[in-house]
$ cat work_0.tsv   # TSV, C-alpha atoms
chain	number	residue	atom	x	y	z
U	1203	MET	CA	35.95	32.50	-24.77
U	1204	GLU	CA	36.73	29.19	-26.45
U	1205	ASN	CA	38.59	26.09	-25.24
U	1206	LEU	CA	38.84	26.97	-21.56
U	1207	LEU	CA	38.77	23.27	-20.68
U	1208	SER	CA	39.56	20.18	-22.76
U	1209	GLU	CA	36.97	17.50	-23.46
U	1210	GLU	CA	38.87	15.01	-21.29
U	1211	ARG	CA	38.91	17.39	-18.33
U	1212	ARG	CA	35.25	18.32	-18.86
U	1213	GLN	CA	34.18	14.70	-18.81
U	1214	GLY	CA	36.32	14.09	-15.75
U	1215	LEU	CA	34.74	17.01	-13.95
U	1216	ILE	CA	31.21	15.83	-14.78
U	1217	GLN	CA	32.04	12.31	-13.61
U	1218	TRP	CA	33.54	13.66	-10.39
U	1219	TYR	CA	30.40	15.73	-9.79
U	1220	GLN	CA	28.13	12.73	-10.27
U	1221	GLN	CA	30.14	10.82	-7.66
U	1222	HIS	CA	30.08	13.68	-5.13
U	1223	ARG	CA	26.50	14.89	-5.10
U	1224	HIS	CA	26.56	14.68	-1.31
U	1225	LEU	CA	28.51	17.97	-1.49
U	1226	GLU	CA	25.63	19.86	-3.12
U	1227	SER	CA	24.79	22.92	-1.07
U	1228	VAL	CA	23.60	25.56	-3.51
U	1229	GLY	CA	20.64	25.94	-5.88
U	1230	SER	CA	17.00	24.90	-5.76
U	1231	GLU	CA	14.39	22.65	-7.35
U	1232	LYS	CA	13.50	25.50	-9.73
U	1233	ASP	CA	16.79	25.71	-11.53
U	1234	TYR	CA	19.89	23.78	-10.53
U	1235	VAL	CA	21.85	22.22	-7.71
U	1236	GLY	CA	25.55	22.76	-7.29
U	1237	ILE	CA	28.79	22.17	-5.42
U	1238	ARG	CA	30.79	25.13	-4.18
U	1239	TYR	CA	34.46	25.32	-5.08
U	1240	ILE	CA	35.35	25.89	-1.43
U	1241	HIS	CA	33.97	22.40	-0.61
U	1242	ILE	CA	36.08	20.60	-3.21
U	1243	SER	CA	39.13	18.81	-1.83
U	1244	ASN	CA	40.17	16.94	-5.00
U	1245	ARG	CA	43.46	18.52	-6.04
U	1246	ALA	CA	43.08	17.93	-9.80
U	1247	ILE	CA	39.59	19.44	-9.88
U	1248	ARG	CA	40.72	22.46	-7.87
U	1249	GLU	CA	43.70	23.00	-10.18
U	1250	ASP	CA	41.47	22.85	-13.27
U	1251	ILE	CA	39.21	25.51	-11.78
U	1252	GLN	CA	42.15	27.63	-10.64
U	1253	ARG	CA	43.67	27.65	-14.13
U	1254	MET	CA	40.35	28.83	-15.52
U	1255	TYR	CA	39.80	31.64	-13.05
U	1256	PHE	CA	43.38	32.91	-13.50
U	1257	THR	CA	42.73	33.00	-17.25
U	1258	LEU	CA	39.47	34.88	-16.70
U	1259	ILE	CA	41.07	37.38	-14.33
U	1260	GLY	CA	43.63	38.17	-17.03
U	1261	GLU	CA	40.94	38.52	-19.68
U	1262	ILE	CA	38.90	40.88	-17.49
U	1263	ARG	CA	42.00	43.00	-16.92
U	1264	LYS	CA	42.55	43.25	-20.68
U	1265	ILE	CA	38.92	44.14	-21.37
U	1266	SER	CA	38.30	46.63	-18.57
U	1267	ASP	CA	41.63	47.29	-16.82
U	1268	GLN	CA	39.87	46.21	-13.61
U	1269	VAL	CA	41.62	44.16	-10.94
U	1270	VAL	CA	39.21	41.47	-9.75
U	1271	TRP	CA	39.14	38.48	-7.40
U	1272	PRO	CA	36.95	35.35	-7.49
U	1273	GLU	CA	34.03	35.84	-5.10
U	1274	MET	CA	32.21	32.55	-5.65
U	1275	ILE	CA	32.61	29.53	-7.92
U	1276	SER	CA	30.30	26.54	-8.23
U	1277	ILE	CA	29.81	23.49	-10.43
U	1278	ALA	CA	26.13	23.22	-11.33
U	1279	ARG	CA	23.86	20.45	-12.57
U	1280	TRP	CA	20.78	21.94	-14.22
U	1281	HIS	CA	17.92	19.43	-14.12
U	1282	LEU	CA	15.00	18.89	-16.51
U	1283	GLY	CA	12.61	21.81	-16.26
U	1284	GLY	CA	15.27	24.00	-14.67
U	1285	LEU	CA	15.19	27.62	-15.73
U	1286	GLN	CA	16.11	31.08	-14.51
U	1287	ASP	CA	14.21	34.30	-15.06
U	1288	PRO	CA	16.14	37.42	-16.15
U	1289	HIS	CA	18.12	38.87	-13.25
U	1290	LEU	CA	21.25	40.80	-12.34
U	1291	ASP	CA	24.12	39.31	-10.34
U	1292	THR	CA	24.20	42.25	-7.95
U	1293	TYR	CA	23.96	40.22	-4.75
U	1294	SER	CA	24.02	36.53	-3.89
U	1295	ASN	CA	21.38	34.78	-1.80
U	1296	ASP	CA	24.11	34.12	0.75
U	1297	GLU	CA	24.67	37.85	1.26
U	1298	PHE	CA	21.03	38.28	2.26
U	1299	LYS	CA	21.12	35.11	4.36
U	1300	GLU	CA	24.17	36.29	6.31
U	1301	ASN	CA	22.96	39.91	6.46
U	1302	ASN	CA	26.17	40.86	4.71
U	1303	VAL	CA	24.90	43.05	1.88
U	1304	ASP	CA	27.37	45.68	0.72
U	1305	GLU	CA	25.88	49.12	0.04
U	1306	ASN	CA	28.16	49.32	-2.98
U	1307	PRO	CA	27.84	45.96	-4.77
U	1308	SER	CA	31.08	44.80	-6.31
U	1309	ARG	CA	30.16	41.50	-8.02
U	1310	GLU	CA	31.06	42.97	-11.40
U	1311	TRP	CA	31.77	40.02	-13.68
U	1312	THR	CA	30.16	36.66	-14.39
U	1313	CYS	CA	31.44	33.75	-16.45
U	1314	ILE	CA	29.46	30.62	-17.32
U	1315	LEU	CA	31.60	27.73	-18.54
U	1316	TYR	CA	29.65	25.04	-20.40
U	1317	LEU	CA	30.82	21.50	-19.60
U	1318	ASN	CA	28.50	19.72	-22.04
U	1319	ASP	CA	26.27	20.53	-25.00
U	1320	ASP	CA	24.23	17.31	-25.37
U	1321	TYR	CA	21.07	18.86	-23.94
U	1322	SER	CA	18.19	20.81	-25.46
U	1323	GLY	CA	16.81	24.08	-24.18
U	1324	GLY	CA	18.96	25.70	-21.53
U	1325	GLU	CA	20.15	28.57	-23.69
U	1326	THR	CA	21.49	31.59	-21.83
U	1327	TYR	CA	19.54	34.61	-22.96
U	1328	PHE	CA	19.63	38.37	-22.60
U	1329	PRO	CA	16.27	40.15	-22.78
U	1330	PRO	CA	16.09	43.48	-24.63
U	1331	CYS	CA	18.27	45.94	-22.73
U	1332	GLU	CA	20.77	48.72	-23.38
U	1333	GLN	CA	23.49	46.29	-24.40
U	1334	TYR	CA	21.16	44.07	-26.48
U	1335	PRO	CA	18.31	46.26	-27.83
U	1336	PHE	CA	16.69	43.28	-29.58
U	1337	GLY	CA	17.68	40.65	-27.04
U	1338	GLN	CA	20.08	37.75	-27.58
U	1339	GLN	CA	20.30	34.04	-26.82
U	1340	VAL	CA	23.40	31.87	-26.90
U	1341	LYS	CA	24.38	28.24	-26.46
U	1342	PRO	CA	28.20	28.13	-26.63
U	1343	ALA	CA	30.07	24.95	-27.46
U	1344	ALA	CA	31.17	22.75	-24.57
U	1345	GLY	CA	34.44	24.00	-23.15
U	1346	SER	CA	33.63	27.62	-23.94
U	1347	GLY	CA	32.87	30.34	-21.43
U	1348	LEU	CA	30.45	33.24	-21.62
U	1349	LEU	CA	32.02	36.25	-19.87
U	1350	PHE	CA	29.95	39.38	-19.22
U	1351	GLN	CA	29.19	42.04	-16.61
U	1352	GLY	CA	26.33	40.35	-14.80
U	1353	ILE	CA	25.92	43.30	-12.45
U	1354	TYR	CA	24.67	45.45	-15.35
U	1355	ILE	CA	23.32	43.05	-17.99
U	1356	PRO	CA	20.07	41.13	-17.24
U	1357	HIS	CA	20.33	37.45	-18.16
U	1358	GLY	CA	18.38	34.24	-17.74
U	1359	VAL	CA	18.29	30.57	-18.75
U	1360	PHE	CA	15.57	28.95	-20.88
U	1361	LYS	CA	13.95	25.77	-19.58
U	1362	ILE	CA	16.00	22.57	-19.85
U	1363	ARG	CA	14.05	20.15	-22.05
U	1364	ARG	CA	16.39	17.15	-22.48
U	1365	ASN	CA	19.34	15.80	-20.49
U	1366	TYR	CA	21.28	17.60	-17.78
U	1367	ARG	CA	23.14	20.84	-18.36
U	1368	TYR	CA	26.48	21.04	-16.51
U	1369	THR	CA	28.22	24.37	-16.01
U	1370	VAL	CA	30.86	26.02	-13.88
U	1371	ALA	CA	29.83	29.51	-12.75
U	1372	PHE	CA	32.40	32.13	-11.75
U	1373	TRP	CA	31.60	35.44	-10.10
U	1374	PHE	CA	34.32	38.08	-9.73
U	1375	THR	CA	34.44	41.06	-7.39
U	1376	THR	CA	36.37	44.33	-7.43
U	1377	ASN	CA	36.41	44.31	-3.61
U	1378	GLN	CA	39.34	42.26	-2.30
U	1379	GLU	CA	37.58	41.74	1.04
U	1380	ARG	CA	34.92	39.73	-0.84
U	1381	MET	CA	37.46	37.29	-2.28
U	1382	LEU	CA	36.48	33.66	-1.65
U	1383	PRO	CA	38.24	31.91	1.24
U	1384	ASP	CA	41.51	30.13	0.59
U	1385	GLY	CA	41.71	26.42	1.27
U	1386	VAL	CA	39.07	23.69	1.57
U	1387	VAL	CA	36.03	24.19	3.80
U	1388	LYS	CA	34.94	20.76	5.05
U	1389	ASN	CA	31.66	21.89	6.64
U	1390	ILE	CA	29.22	22.14	3.72
U	1391	GLU	CA	26.83	24.09	5.93
U	1392	LEU	CA	29.23	27.03	5.57
U	1393	ASN	CA	29.29	29.27	2.52
U	1394	GLU	CA	31.87	31.82	1.33
U	1395	ILE	CA	30.58	34.49	3.72
U	1396	SER	CA	29.82	32.40	6.82
U	1397	THR	CA	33.25	30.76	6.53
U	1398	LYS	CA	34.92	34.15	6.87
U	1399	ILE	CA	32.68	35.04	9.80
U	1400	ALA	CA	33.51	31.74	11.53
U	1401	ASP	CA	37.24	32.24	10.94
U	1402	ALA	CA	37.30	35.89	12.05
U	1403	PRO	CA	39.48	36.55	15.12
U	1404	LYS	CA	37.42	36.80	18.29
U	1405	ASN	CA	37.74	39.92	20.43
U	1406	ILE	CA	40.10	39.50	23.37
U	1407	PRO	CA	38.47	40.73	26.62
U	1408	ALA	CA	39.90	43.95	28.01
U	1409	GLY	CA	42.64	43.50	30.59
U	1410	ILE	CA	43.90	40.19	29.17
U	1411	ALA	CA	47.29	40.45	27.56
U	1412	SER	CA	48.66	37.96	25.08
U	1413	VAL	CA	51.71	36.00	26.25
U	1414	SER	CA	54.29	34.53	23.92
U	1415	ASN	CA	56.71	31.77	24.84
U	1416	LYS	CA	60.32	32.71	24.47

$ encode --input "work_0.tsv" --output "structure tokens"
Amino acid sequence: MENLLSEERRQGLIQWYQQHRHLESVGSEKDYVGIRYIHISNRAIREDIQRMYFTLIGEIRKISDQVVWPEMISIARWHLGGLQDPHLDTYSNDEFKENNVDENPSREWTCILYLNDDYSGGETYFPPCEQYPFGQQVKPAAGSGLLFQGIYIPHGVFKIRRNYRYTVAFWFTTNQERMLPDGVVKNIELNEISTKIADAPKNIPAGIASVSNK
């Protein structure tokens, strides 16, 4: 998908990221570090991301007739030497961390939006599989998004060899209960799952009735 975000907005998003690295709470030294969408309070940045995920939801509906919701979104900074081995996006690390693994995984769709292209290496690749019998590697132009069913198609990232690689990653679910929380989460120790757990209504002890003021 081409031209999901203009060059001006891409550069603004990268600059904002560089100024807010204290919000990084996802990733590792092996591949990338990133900021979760739920921890972003800047209105303009949130609106840019919202416009993109609404566009992607519509595109997924046209392609598959599936109704989906955003499950997780993050802005990532892939450092030199960062790479990712082939994998499926069946579950997130947070689901295992919070012991919240669904027996029927619903993280159907993945989109990687490329914010820059002035790096070397870092191509997204698909090893030989049913969808790509001979394998495939791609490096879309900045501003373009790579949309695919990450739950079924193995994919990885070749080692970054020069400069940083900035992306926005979107994961979409067919289970509405897995939709990412609404609003800004100020505690960066919380993720999309633990936020919902923390916000869940607590059980009211038996024998205590609620009283409303009239």

$ atom_distance --input "work_0.tsv" --atom1 "CA of Ala1344 in chain U" --atom2 "CA of Cys1331 in chain U"
26.6 Å

$ residues_near_point --input "work_0.tsv" --point "(22.7, 15.5, -26.9)" --cutoff "10 Å" --atoms "all atoms listed in the file" --output "PyMOL selection string"
chain U and resi 1318-1322+1364-1366

$ atom_distance --input "work_0.tsv" --atom1 "CA of Ser1346 in chain U" --atom2 "CA of Val1235 in chain U"
20.8 Å

$ closest_residue --input "work_0.tsv" --among "U:Leu1258, U:Leu1207, U:Leu1285, U:Val1269" --to "Gly1229 in chain U" --atoms "only C-alpha atoms"
U:Leu1285

$ closest_residue --input "work_0.tsv" --among "U:Asn1244, U:Asn1306, U:Gln1217, U:Gln1351" --to "Arg1380 in chain U" --atoms "all atoms listed in the file"
U:Asn1306

$ closest_residue --input "work_0.tsv" --among "U:Gly1358, U:Val1370, U:Ala1343, U:Pro1272" --to "Asp1250 in chain U" --atoms "only C-alpha atoms"
U:Val1370

$ closest_residue --input "work_0.tsv" --among "U:Thr1312, U:Arg1238, U:Gln1333, U:Thr1369" --to "Leu1215 in chain U" --atoms "only C-alpha atoms"
U:Thr1369

$ closest_residue --input "work_0.tsv" --among "U:Val1270, U:Ala1246, U:Ile1240, U:Ala1400" --to "Leu1382 in chain U" --atoms "all atoms listed in the file"
U:Ile1240

$ atom_distance --input "work_0.tsv" --atom1 "CA of Glu1391 in chain U" --atom2 "CA of Gln1221 in chain U"
19.3 Å

$ closest_residue --input "work_0.tsv" --among "U:Leu1282, U:Thr1292, U:Thr1326, U:Phe1374" --to "Trp1311 in chain U" --atoms "only C-alpha atoms"
U:Phe1374
